[in-house]
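Below: upload.pdb (PDB, C-alpha atoms)
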MODEL        1
ATOM      1  CA  MET A   1     162.135 150.809 181.268  1.00  0.00           C
ATOM      2  CA  ARG A   2     161.912 153.098 184.298  1.00  0.00           C
ATOM      3  CA  PHE A   3     158.888 153.184 186.601  1.00  0.00           C
ATOM      4  CA  ASN A   4     158.160 156.643 187.982  1.00  0.00           C
ATOM      5  CA  SER A   5     155.170 156.070 190.263  1.00  0.00           C
ATOM      6  CA  ARG A   6     152.682 153.460 191.438  1.00  0.00           C
ATOM      7  CA  THR A   7     149.154 153.878 192.770  1.00  0.00           C
ATOM      8  CA  SER A   8     146.420 151.392 193.561  1.00  0.00           C
ATOM      9  CA  SER A   9     142.642 151.518 193.900  1.00  0.00           C
ATOM     10  CA  ASP A  10     139.828 148.961 193.764  1.00  0.00           C
ATOM     11  CA  GLY A  11     142.239 146.115 193.150  1.00  0.00           C
ATOM     12  CA  VAL A  12     143.939 147.750 190.160  1.00  0.00           C
ATOM     13  CA  SER A  13     147.587 148.832 190.208  1.00  0.00           C
ATOM     14  CA  GLU A  14     148.649 151.741 187.970  1.00  0.00           C
ATOM     15  CA  GLN A  15     152.341 152.289 187.180  1.00  0.00           C
ATOM     16  CA  LEU A  16     153.617 155.255 185.190  1.00  0.00           C
ATOM     17  CA  PHE A  17     156.814 154.568 183.259  1.00  0.00           C
ATOM     18  CA  THR A  18     159.149 155.861 180.595  1.00  0.00           C
ATOM     19  CA  LEU A  19     160.812 153.725 177.955  1.00  0.00           C
ATOM     20  CA  GLY A  20     163.489 155.874 176.408  1.00  0.00           C
ATOM     21  CA  GLU A  21     161.513 158.989 175.473  1.00  0.00           C
ATOM     22  CA  ILE A  22     158.138 157.211 175.469  1.00  0.00           C
ATOM     23  CA  PRO A  23     155.869 157.918 178.477  1.00  0.00           C
ATOM     24  CA  GLY A  24     153.388 155.188 179.312  1.00  0.00           C
ATOM     25  CA  VAL A  25     151.149 153.623 181.914  1.00  0.00           C
ATOM     26  CA  LEU A  26     150.695 149.978 182.884  1.00  0.00           C
ATOM     27  CA  TRP A  27     147.636 148.634 184.700  1.00  0.00           C
ATOM     28  CA  THR A  28     147.697 145.210 186.374  1.00  0.00           C
ATOM     29  CA  PRO A  29     145.779 143.468 189.156  1.00  0.00           C
ATOM     30  CA  ASP A  30     147.079 144.237 192.643  1.00  0.00           C
ATOM     31  CA  GLY A  31     149.572 141.578 193.657  1.00  0.00           C
ATOM     32  CA  ALA A  32     149.742 140.151 190.148  1.00  0.00           C
ATOM     33  CA  ALA A  33     152.274 137.392 189.593  1.00  0.00           C
ATOM     34  CA  GLY A  34     152.920 135.256 186.550  1.00  0.00           C
ATOM     35  CA  THR A  35     151.896 135.452 182.912  1.00  0.00           C
ATOM     36  CA  ARG A  36     148.621 137.017 181.795  1.00  0.00           C
ATOM     37  CA  PRO A  37     147.058 138.430 178.609  1.00  0.00           C
ATOM     38  CA  LEU A  38     148.198 141.933 177.706  1.00  0.00           C
ATOM     39  CA  ILE A  39     146.203 144.563 175.817  1.00  0.00           C
ATOM     40  CA  LEU A  40     147.902 147.528 174.189  1.00  0.00           C
ATOM     41  CA  MET A  41     145.544 150.493 173.798  1.00  0.00           C
ATOM     42  CA  GLY A  42     145.936 153.295 171.255  1.00  0.00           C
ATOM     43  CA  HIS A  43     144.339 156.614 172.216  1.00  0.00           C
ATOM     44  CA  GLY A  44     142.489 159.003 169.920  1.00  0.00           C
ATOM     45  CA  GLY A  45     143.710 162.182 168.289  1.00  0.00           C
ATOM     46  CA  GLY A  46     144.278 165.042 170.711  1.00  0.00           C
ATOM     47  CA  GLN A  47     144.089 162.616 173.643  1.00  0.00           C
ATOM     48  CA  HIS A  48     146.736 160.851 175.708  1.00  0.00           C
ATOM     49  CA  LYS A  49     147.554 157.630 177.560  1.00  0.00           C
ATOM     50  CA  LYS A  50     145.247 158.467 180.496  1.00  0.00           C
ATOM     51  CA  ALA A  51     142.291 159.877 178.592  1.00  0.00           C
ATOM     52  CA  PRO A  52     139.064 158.966 180.451  1.00  0.00           C
ATOM     53  CA  ASP A  53     137.891 156.391 177.915  1.00  0.00           C
ATOM     54  CA  ILE A  54     141.302 154.691 177.969  1.00  0.00           C
ATOM     55  CA  VAL A  55     141.373 154.557 181.778  1.00  0.00           C
ATOM     56  CA  ASP A  56     137.784 153.289 182.053  1.00  0.00           C
ATOM     57  CA  ARG A  57     138.383 150.457 179.611  1.00  0.00           C
ATOM     58  CA  ALA A  58     141.778 149.567 181.041  1.00  0.00           C
ATOM     59  CA  ARG A  59     140.475 149.306 184.589  1.00  0.00           C
ATOM     60  CA  ARG A  60     137.623 147.049 183.515  1.00  0.00           C
ATOM     61  CA  PHE A  61     139.964 144.793 181.530  1.00  0.00           C
ATOM     62  CA  VAL A  62     142.083 144.416 184.671  1.00  0.00           C
ATOM     63  CA  ALA A  63     139.359 144.203 187.319  1.00  0.00           C
ATOM     64  CA  GLU A  64     136.977 141.916 185.451  1.00  0.00           C
ATOM     65  CA  ARG A  65     139.387 139.747 183.423  1.00  0.00           C
ATOM     66  CA  GLY A  66     142.741 139.930 185.206  1.00  0.00           C
ATOM     67  CA  PHE A  67     144.466 141.264 182.102  1.00  0.00           C
ATOM     68  CA  ALA A  68     147.401 143.657 181.979  1.00  0.00           C
ATOM     69  CA  VAL A  69     146.882 146.830 179.938  1.00  0.00           C
ATOM     70  CA  VAL A  70     149.455 149.278 178.593  1.00  0.00           C
ATOM     71  CA  ALA A  71     149.013 152.635 176.879  1.00  0.00           C
ATOM     72  CA  VAL A  72     151.587 155.189 175.763  1.00  0.00           C
ATOM     73  CA  ASP A  73     151.471 158.741 174.479  1.00  0.00           C
ATOM     74  CA  VAL A  74     151.855 158.823 170.715  1.00  0.00           C
ATOM     75  CA  PRO A  75     154.202 161.469 169.256  1.00  0.00           C
ATOM     76  CA  ALA A  76     153.157 165.088 169.920  1.00  0.00           C
ATOM     77  CA  HIS A  77     150.482 163.983 172.418  1.00  0.00           C
ATOM     78  CA  GLY A  78     150.267 163.877 176.198  1.00  0.00           C
ATOM     79  CA  ASP A  79     153.644 164.261 177.881  1.00  0.00           C
ATOM     80  CA  ARG A  80     155.607 164.117 174.643  1.00  0.00           C
ATOM     81  CA  PRO A  81     157.088 167.266 173.083  1.00  0.00           C
ATOM     82  CA  LYS A  82     155.558 168.958 170.088  1.00  0.00           C
ATOM     83  CA  VAL A  83     156.842 167.923 166.671  1.00  0.00           C
ATOM     84  CA  GLU A  84     157.400 170.885 164.360  1.00  0.00           C
ATOM     85  CA  GLU A  85     156.699 168.841 161.251  1.00  0.00           C
ATOM     86  CA  TYR A  86     153.375 167.628 162.623  1.00  0.00           C
ATOM     87  CA  ASP A  87     152.365 171.156 163.663  1.00  0.00           C
ATOM     88  CA  ARG A  88     153.182 172.397 160.176  1.00  0.00           C
ATOM     89  CA  ILE A  89     151.118 169.653 158.551  1.00  0.00           C
ATOM     90  CA  ALA A  90     148.181 170.330 160.871  1.00  0.00           C
ATOM     91  CA  THR A  91     148.235 174.032 160.015  1.00  0.00           C
ATOM     92  CA  GLU A  92     148.438 173.287 156.308  1.00  0.00           C
ATOM     93  CA  ASN A  93     145.578 170.783 156.557  1.00  0.00           C
ATOM     94  CA  GLN A  94     143.355 173.308 158.321  1.00  0.00           C
ATOM     95  CA  ALA A  95     143.954 175.736 155.492  1.00  0.00           C
ATOM     96  CA  ARG A  96     143.260 173.063 152.867  1.00  0.00           C
ATOM     97  CA  VAL A  97     139.961 172.089 154.510  1.00  0.00           C
ATOM     98  CA  ALA A  98     138.981 175.772 154.720  1.00  0.00           C
ATOM     99  CA  ALA A  99     139.686 176.000 150.990  1.00  0.00           C
ATOM    100  CA  GLY A 100     137.280 173.149 150.296  1.00  0.00           C
ATOM    101  CA  GLU A 101     139.343 169.950 150.419  1.00  0.00           C
ATOM    102  CA  GLU A 102     137.898 166.849 152.072  1.00  0.00           C
ATOM    103  CA  LEU A 103     139.098 166.145 155.613  1.00  0.00           C
ATOM    104  CA  ALA A 104     139.303 162.328 155.483  1.00  0.00           C
ATOM    105  CA  PRO A 105     142.187 162.022 152.969  1.00  0.00           C
ATOM    106  CA  LEU A 106     144.233 164.567 154.917  1.00  0.00           C
ATOM    107  CA  ILE A 107     143.702 162.643 158.160  1.00  0.00           C
ATOM    108  CA  ALA A 108     144.696 159.404 156.433  1.00  0.00           C
ATOM    109  CA  GLU A 109     147.933 160.883 155.074  1.00  0.00           C
ATOM    110  CA  PHE A 110     148.885 162.245 158.485  1.00  0.00           C
ATOM    111  CA  GLN A 111     148.157 158.988 160.303  1.00  0.00           C
ATOM    112  CA  ALA A 112     150.242 157.026 157.797  1.00  0.00           C
ATOM    113  CA  LEU A 113     153.160 159.348 158.511  1.00  0.00           C
ATOM    114  CA  VAL A 114     152.854 158.977 162.293  1.00  0.00           C
ATOM    115  CA  ALA A 115     152.472 155.180 162.046  1.00  0.00           C
ATOM    116  CA  ARG A 116     155.980 154.874 160.624  1.00  0.00           C
ATOM    117  CA  GLN A 117     157.199 156.017 164.054  1.00  0.00           C
ATOM    118  CA  THR A 118     154.634 154.394 166.329  1.00  0.00           C
ATOM    119  CA  VAL A 119     154.782 150.825 164.996  1.00  0.00           C
ATOM    120  CA  PRO A 120     158.409 150.212 166.112  1.00  0.00           C
ATOM    121  CA  GLU A 121     157.802 152.185 169.315  1.00  0.00           C
ATOM    122  CA  TRP A 122     154.839 149.998 170.274  1.00  0.00           C
ATOM    123  CA  GLN A 123     156.792 146.847 169.464  1.00  0.00           C
ATOM    124  CA  ALA A 124     159.529 148.033 171.849  1.00  0.00           C
ATOM    125  CA  VAL A 125     156.877 148.685 174.511  1.00  0.00           C
ATOM    126  CA  LEU A 126     155.574 145.127 174.127  1.00  0.00           C
ATOM    127  CA  ASP A 127     159.115 143.782 174.478  1.00  0.00           C
ATOM    128  CA  ALA A 128     159.678 145.694 177.716  1.00  0.00           C
ATOM    129  CA  VAL A 129     156.312 144.998 179.324  1.00  0.00           C
ATOM    130  CA  GLN A 130     156.370 141.291 178.510  1.00  0.00           C
ATOM    131  CA  ASP A 131     159.756 141.049 180.229  1.00  0.00           C
ATOM    132  CA  LEU A 132     158.067 141.943 183.526  1.00  0.00           C
ATOM    133  CA  GLY A 133     157.398 139.030 185.867  1.00  0.00           C
ATOM    134  CA  HIS A 134     153.807 140.078 186.599  1.00  0.00           C
ATOM    135  CA  VAL A 135     152.912 140.329 182.888  1.00  0.00           C
ATOM    136  CA  GLY A 136     155.003 137.787 181.004  1.00  0.00           C
ATOM    137  CA  ALA A 137     154.859 136.676 177.380  1.00  0.00           C
ATOM    138  CA  GLY A 138     151.164 135.817 177.219  1.00  0.00           C
ATOM    139  CA  PRO A 139     148.700 136.507 174.382  1.00  0.00           C
ATOM    140  CA  VAL A 140     148.405 140.111 173.200  1.00  0.00           C
ATOM    141  CA  GLY A 141     145.357 142.092 172.093  1.00  0.00           C
ATOM    142  CA  TYR A 142     145.067 145.560 170.584  1.00  0.00           C
ATOM    143  CA  TRP A 143     142.322 148.157 171.085  1.00  0.00           C
ATOM    144  CA  GLY A 144     142.244 151.439 169.155  1.00  0.00           C
ATOM    145  CA  VAL A 145     139.658 153.611 167.418  1.00  0.00           C
ATOM    146  CA  SER A 146     139.948 156.861 165.432  1.00  0.00           C
ATOM    147  CA  LEU A 147     143.678 157.754 165.549  1.00  0.00           C
ATOM    148  CA  GLY A 148     144.132 154.498 167.453  1.00  0.00           C
ATOM    149  CA  CYS A 149     142.743 152.692 164.410  1.00  0.00           C
ATOM    150  CA  GLY A 150     144.832 154.598 161.879  1.00  0.00           C
ATOM    151  CA  LEU A 151     147.967 153.693 163.820  1.00  0.00           C
ATOM    152  CA  GLY A 152     146.669 150.333 164.979  1.00  0.00           C
ATOM    153  CA  VAL A 153     146.006 148.767 161.574  1.00  0.00           C
ATOM    154  CA  PRO A 154     149.673 148.891 160.453  1.00  0.00           C
ATOM    155  CA  PHE A 155     150.755 147.847 163.952  1.00  0.00           C
ATOM    156  CA  VAL A 156     148.496 144.768 164.067  1.00  0.00           C
ATOM    157  CA  ALA A 157     149.528 143.891 160.516  1.00  0.00           C
ATOM    158  CA  ALA A 158     153.212 144.030 161.500  1.00  0.00           C
ATOM    159  CA  GLU A 159     153.117 142.447 164.973  1.00  0.00           C
ATOM    160  CA  PRO A 160     152.685 138.648 165.130  1.00  0.00           C
ATOM    161  CA  ARG A 161     152.168 138.678 168.907  1.00  0.00           C
ATOM    162  CA  VAL A 162     148.735 140.308 168.507  1.00  0.00           C
ATOM    163  CA  ARG A 163     146.043 137.610 168.498  1.00  0.00           C
ATOM    164  CA  ALA A 164     142.879 139.757 168.414  1.00  0.00           C
ATOM    165  CA  ALA A 165     142.052 143.424 167.798  1.00  0.00           C
ATOM    166  CA  VAL A 166     139.257 145.919 168.304  1.00  0.00           C
ATOM    167  CA  LEU A 167     139.448 148.663 165.681  1.00  0.00           C
ATOM    168  CA  GLY A 168     137.111 151.286 164.257  1.00  0.00           C
ATOM    169  CA  LEU A 169     136.206 154.882 163.434  1.00  0.00           C
ATOM    170  CA  GLY A 170     138.820 154.747 160.696  1.00  0.00           C
ATOM    171  CA  GLY A 171     138.870 154.592 156.912  1.00  0.00           C
ATOM    172  CA  ALA A 172     140.640 152.701 154.170  1.00  0.00           C
ATOM    173  CA  LEU A 173     142.367 155.575 152.370  1.00  0.00           C
ATOM    174  CA  ALA A 174     145.790 154.947 153.926  1.00  0.00           C
ATOM    175  CA  THR A 175     145.419 151.554 155.595  1.00  0.00           C
ATOM    176  CA  ALA A 176     143.730 149.163 153.141  1.00  0.00           C
ATOM    177  CA  GLU A 177     147.005 147.504 152.139  1.00  0.00           C
ATOM    178  CA  ALA A 178     147.991 146.896 155.762  1.00  0.00           C
ATOM    179  CA  ALA A 179     144.447 145.776 156.626  1.00  0.00           C
ATOM    180  CA  ALA A 180     144.685 143.034 154.007  1.00  0.00           C
ATOM    181  CA  ARG A 181     147.625 141.559 155.950  1.00  0.00           C
ATOM    182  CA  ILE A 182     145.619 141.290 159.175  1.00  0.00           C
ATOM    183  CA  THR A 183     144.386 137.750 159.765  1.00  0.00           C
ATOM    184  CA  VAL A 184     143.532 137.769 163.485  1.00  0.00           C
ATOM    185  CA  PRO A 185     139.912 138.107 164.724  1.00  0.00           C
ATOM    186  CA  VAL A 186     138.698 141.719 164.593  1.00  0.00           C
ATOM    187  CA  GLU A 187     135.753 143.528 166.123  1.00  0.00           C
ATOM    188  CA  PHE A 188     135.190 146.715 164.102  1.00  0.00           C
ATOM    189  CA  LEU A 189     133.243 149.751 165.336  1.00  0.00           C
ATOM    190  CA  LEU A 190     131.530 152.085 162.877  1.00  0.00           C
ATOM    191  CA  GLN A 191     129.395 155.149 163.618  1.00  0.00           C
ATOM    192  CA  TRP A 192     126.721 155.458 160.937  1.00  0.00           C
ATOM    193  CA  ASP A 193     126.678 159.272 160.972  1.00  0.00           C
ATOM    194  CA  ASP A 194     130.443 159.794 161.429  1.00  0.00           C
ATOM    195  CA  GLU A 195     131.281 163.362 160.425  1.00  0.00           C
ATOM    196  CA  ARG A 196     135.050 162.728 160.290  1.00  0.00           C
ATOM    197  CA  VAL A 197     135.309 159.407 158.466  1.00  0.00           C
ATOM    198  CA  PRO A 198     132.842 158.875 155.602  1.00  0.00           C
ATOM    199  CA  ARG A 199     130.708 155.783 156.081  1.00  0.00           C
ATOM    200  CA  SER A 200     131.898 154.393 152.753  1.00  0.00           C
ATOM    201  CA  GLN A 201     135.508 154.599 153.929  1.00  0.00           C
ATOM    202  CA  GLY A 202     134.769 152.828 157.204  1.00  0.00           C
ATOM    203  CA  LEU A 203     132.965 150.041 155.360  1.00  0.00           C
ATOM    204  CA  ALA A 204     135.830 149.835 152.863  1.00  0.00           C
ATOM    205  CA  LEU A 205     138.326 149.362 155.690  1.00  0.00           C
ATOM    206  CA  PHE A 206     136.197 146.602 157.189  1.00  0.00           C
ATOM    207  CA  ASP A 207     136.002 144.912 153.772  1.00  0.00           C
ATOM    208  CA  ALA A 208     139.777 145.230 153.355  1.00  0.00           C
ATOM    209  CA  LEU A 209     140.561 143.323 156.553  1.00  0.00           C
ATOM    210  CA  GLY A 210     142.005 139.927 155.690  1.00  0.00           C
ATOM    211  CA  SER A 211     140.619 138.285 158.821  1.00  0.00           C
ATOM    212  CA  ALA A 212     138.475 135.195 158.421  1.00  0.00           C
ATOM    213  CA  GLU A 213     136.681 136.213 161.621  1.00  0.00           C
ATOM    214  CA  LYS A 214     135.612 139.855 161.627  1.00  0.00           C
ATOM    215  CA  THR A 215     132.478 141.460 163.008  1.00  0.00           C
ATOM    216  CA  LEU A 216     131.066 144.873 162.110  1.00  0.00           C
ATOM    217  CA  HIS A 217     129.366 146.802 164.925  1.00  0.00           C
ATOM    218  CA  ALA A 218     127.507 149.725 163.309  1.00  0.00           C
ATOM    219  CA  ASN A 219     125.703 152.174 165.585  1.00  0.00           C
ATOM    220  CA  ASN A 220     123.767 155.383 165.028  1.00  0.00           C
ATOM    221  CA  GLY A 221     125.568 158.586 165.951  1.00  0.00           C
ATOM    222  CA  LYS A 222     128.575 160.707 165.174  1.00  0.00           C
ATOM    223  CA  HIS A 223     132.291 160.015 165.543  1.00  0.00           C
ATOM    224  CA  GLY A 224     132.399 160.347 169.330  1.00  0.00           C
ATOM    225  CA  ASP A 225     129.073 158.657 170.076  1.00  0.00           C
ATOM    226  CA  VAL A 226     130.153 155.020 170.427  1.00  0.00           C
ATOM    227  CA  PRO A 227     127.575 153.457 172.799  1.00  0.00           C
ATOM    228  CA  ALA A 228     128.723 152.415 176.261  1.00  0.00           C
ATOM    229  CA  PHE A 229     127.488 148.854 175.697  1.00  0.00           C
ATOM    230  CA  GLU A 230     130.250 148.315 173.131  1.00  0.00           C
ATOM    231  CA  LEU A 231     132.703 148.055 176.035  1.00  0.00           C
ATOM    232  CA  ASP A 232     130.841 144.986 177.293  1.00  0.00           C
ATOM    233  CA  SER A 233     131.160 143.444 173.840  1.00  0.00           C
ATOM    234  CA  THR A 234     134.875 144.245 173.794  1.00  0.00           C
ATOM    235  CA  LEU A 235     135.365 142.520 177.146  1.00  0.00           C
ATOM    236  CA  ARG A 236     133.663 139.375 175.870  1.00  0.00           C
ATOM    237  CA  PHE A 237     135.637 139.504 172.611  1.00  0.00           C
ATOM    238  CA  PHE A 238     139.038 139.659 174.294  1.00  0.00           C
ATOM    239  CA  ALA A 239     138.062 137.065 176.905  1.00  0.00           C
ATOM    240  CA  ARG A 240     137.119 134.678 174.102  1.00  0.00           C
ATOM    241  CA  HIS A 241     140.306 135.166 172.091  1.00  0.00           C
ATOM    242  CA  LEU A 242     142.928 135.859 174.758  1.00  0.00           C
ATOM    243  CA  GLY A 243     141.671 133.581 177.534  1.00  0.00           C
TER     244      GLY A 243
ENDMDL
END

Structure translated into structure tokens:
Amino acid sequence: MRFNSRTSSDGVSEQLFTLGEIPGVLWTPDGAAGTRPLILMGHGGGQHKKAPDIVDRARRFVAERGFAVVAVDVPAHGDRPKVEEYDRIATENQARVAAGEELAPLIAEFQALVARQTVPEWQAVLDAVQDLGHVGAGPVGYWGVSLGCGLGVPFVAAEPRVRAAVLGLGGALATAEAAARITVPVEFLLQWDDERVPRSQGLALFDALGSAEKTLHANNGKHGDVPAFELDSTLRFFARHLG
């Protein structure tokens, strides 16, 4: 793990790093020392590790709860190079939608493909970050919606260090089997008028989760209209389950 830069503002330290070929960012309290909860955040499709919604949430997790937060660019996003296979699939999917096919199954197939790469990458990121003295091997949470949900469900299902997860804006077409293996508490976000993920698929994914404690937060609006107050709920959720 190589740190490339460090900045600080309002009590929050931001460190850019690379782990092999994976570019990432770590936020911690200024002067942090010792073990603390860590949240891994998965960004949305077409976004990157420092997308505004990722940064806003990360800074609040750090400033208000003293957590550490890490986010990395998923393949073909942010500072990572393009992947010819992914570009080809995207072009083919655009043509298939134009010809009348439904979008949701195509998104699900693509996310399942990418998850086979991101799950081991994110596990390696956890290994490296938890080796740092100002983070340590404390409890881990996961936050990810949209693409972050499609990749996050198989990650949470595979990673025993994750003790709580916020997921949403995703469907069950490709992730129901993995969702059934998730047993940690989950807060699930669903937009009632989502134009990208059919409501029935979002509800099916929530039903598929194997967690004994799971809460559905359904709000009016389209895919990108998650209300700002849901961040407050997320803060309370992680504080309750991660300490």

Residues of range 110-190 of chain A that approach range 215-227 of chain A to 6 Å or less, counting only C-alpha atoms: could you list each one with the shortest pair of atoms and its distance in Å to one decimal, rows by chain and increasing residue number, as a Markdown table?
| residue | atom | partner | partner_atom | distance |
| --- | --- | --- | --- | --- |
| A:Glu187 | CA | A:Thr215 | CA | 5.0 |
| A:Phe188 | CA | A:Leu216 | CA | 4.9 |
| A:Leu189 | CA | A:His217 | CA | 4.9 |
| A:Leu190 | CA | A:Ala218 | CA | 4.7 |

Distance query Val162 in chain A at most 9 Å, all atoms listed in the file, self and fewer than 2 positions along chain excluded, as a list in words: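 Contacts, with the query itself left out: Ile39, Pro139, Val140, Gly141, Tyr142, Val156, Ala157, Glu159, Pro160, Ala164, Ala165 and Val184 of chain A.
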
Quick one: of A:Leu16, A:Ala137, A:Ala128, A:Ala58, who's nearest to Thr35 in chain A, counting only C-alpha atoms? A:Ala137

I would like the residues chosen by the PyMOL selection byres ((chain A and resi 17) around 9) on the shown file; could you give them as a ChimeraX atom specification? /A:1-5,15-16,18-19,22-26

For the residues selected in the previous step, produce a file with C-alpha atoms as a short mmCIF file (atom, residue, chain, number, x, y, z; two decimals), in the coordinates of the input.
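Everything below was put into part-v4.cif:
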data_model
loop_
_atom_site.label_atom_id
_atom_site.label_comp_id
_atom_site.auth_asym_id
_atom_site.auth_seq_id
_atom_site.Cartn_x
_atom_site.Cartn_y
_atom_site.Cartn_z
CA MET A 1 162.14 150.81 181.27
CA ARG A 2 161.91 153.10 184.30
CA PHE A 3 158.89 153.18 186.60
CA ASN A 4 158.16 156.64 187.98
CA SER A 5 155.17 156.07 190.26
CA GLN A 15 152.34 152.29 187.18
CA LEU A 16 153.62 155.26 185.19
CA THR A 18 159.15 155.86 180.60
CA LEU A 19 160.81 153.72 177.96
CA ILE A 22 158.14 157.21 175.47
CA PRO A 23 155.87 157.92 178.48
CA GLY A 24 153.39 155.19 179.31
CA VAL A 25 151.15 153.62 181.91
CA LEU A 26 150.70 149.98 182.88
#

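The closest residue to Lys49 in chain A, picked from A:Glu195, A:Gly148, A:Ile89, A:Ala33 and counting all atoms listed in the file, is A:Gly148.
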
When you draw a straight line from CA of Gly202 in chain A to CA of Gly150 in chain A, how long is it in Å? 11.2 Å

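For the pair CA of Gly170 in chain A and CA of Glu14 in chain A, the separation is 29.1 Å.
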
Might you pull out every residue within 6 Å of range 107-121 of chain A, with only C-alpha atoms counted and same-chain residues fewer than 4 positions away left off, and present them as a VMD selection string? chain A and resid 150 to 151 155 174

Mind giving me the straight-line distance from CA of Val145 in chain A to CA of His43 in chain A in Å, one decimal? 7.3 Å

Test item: residues at most 6 Å from Ile182 in chain A, all atoms listed in the file, excluding those fewer than 3 positions along its chain, as a count of residues only: 4

Taking into account all atoms listed in the file, which residue in the set A:Leu126, A:Ala228, A:Ala208, A:Val62 is nearest to Leu40 in chain A?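 Checking each candidate against Leu40 in chain A, we get A:Leu126 as the closest.
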
On this file, the PyMOL selection byres ((chain A and resi 9) around 12) gives some set of residues; write that set as a PyMOL selection string. chain A and resi 6-8+10-15+27-30+59+62-63

Nearest candidate to Val197 in chain A (options A:Val129, A:Ala158, A:Ala212, A:Ala172; using all atoms listed in the file):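 The shortest atom-to-atom distance to Val197 in chain A comes from A:Ala172.
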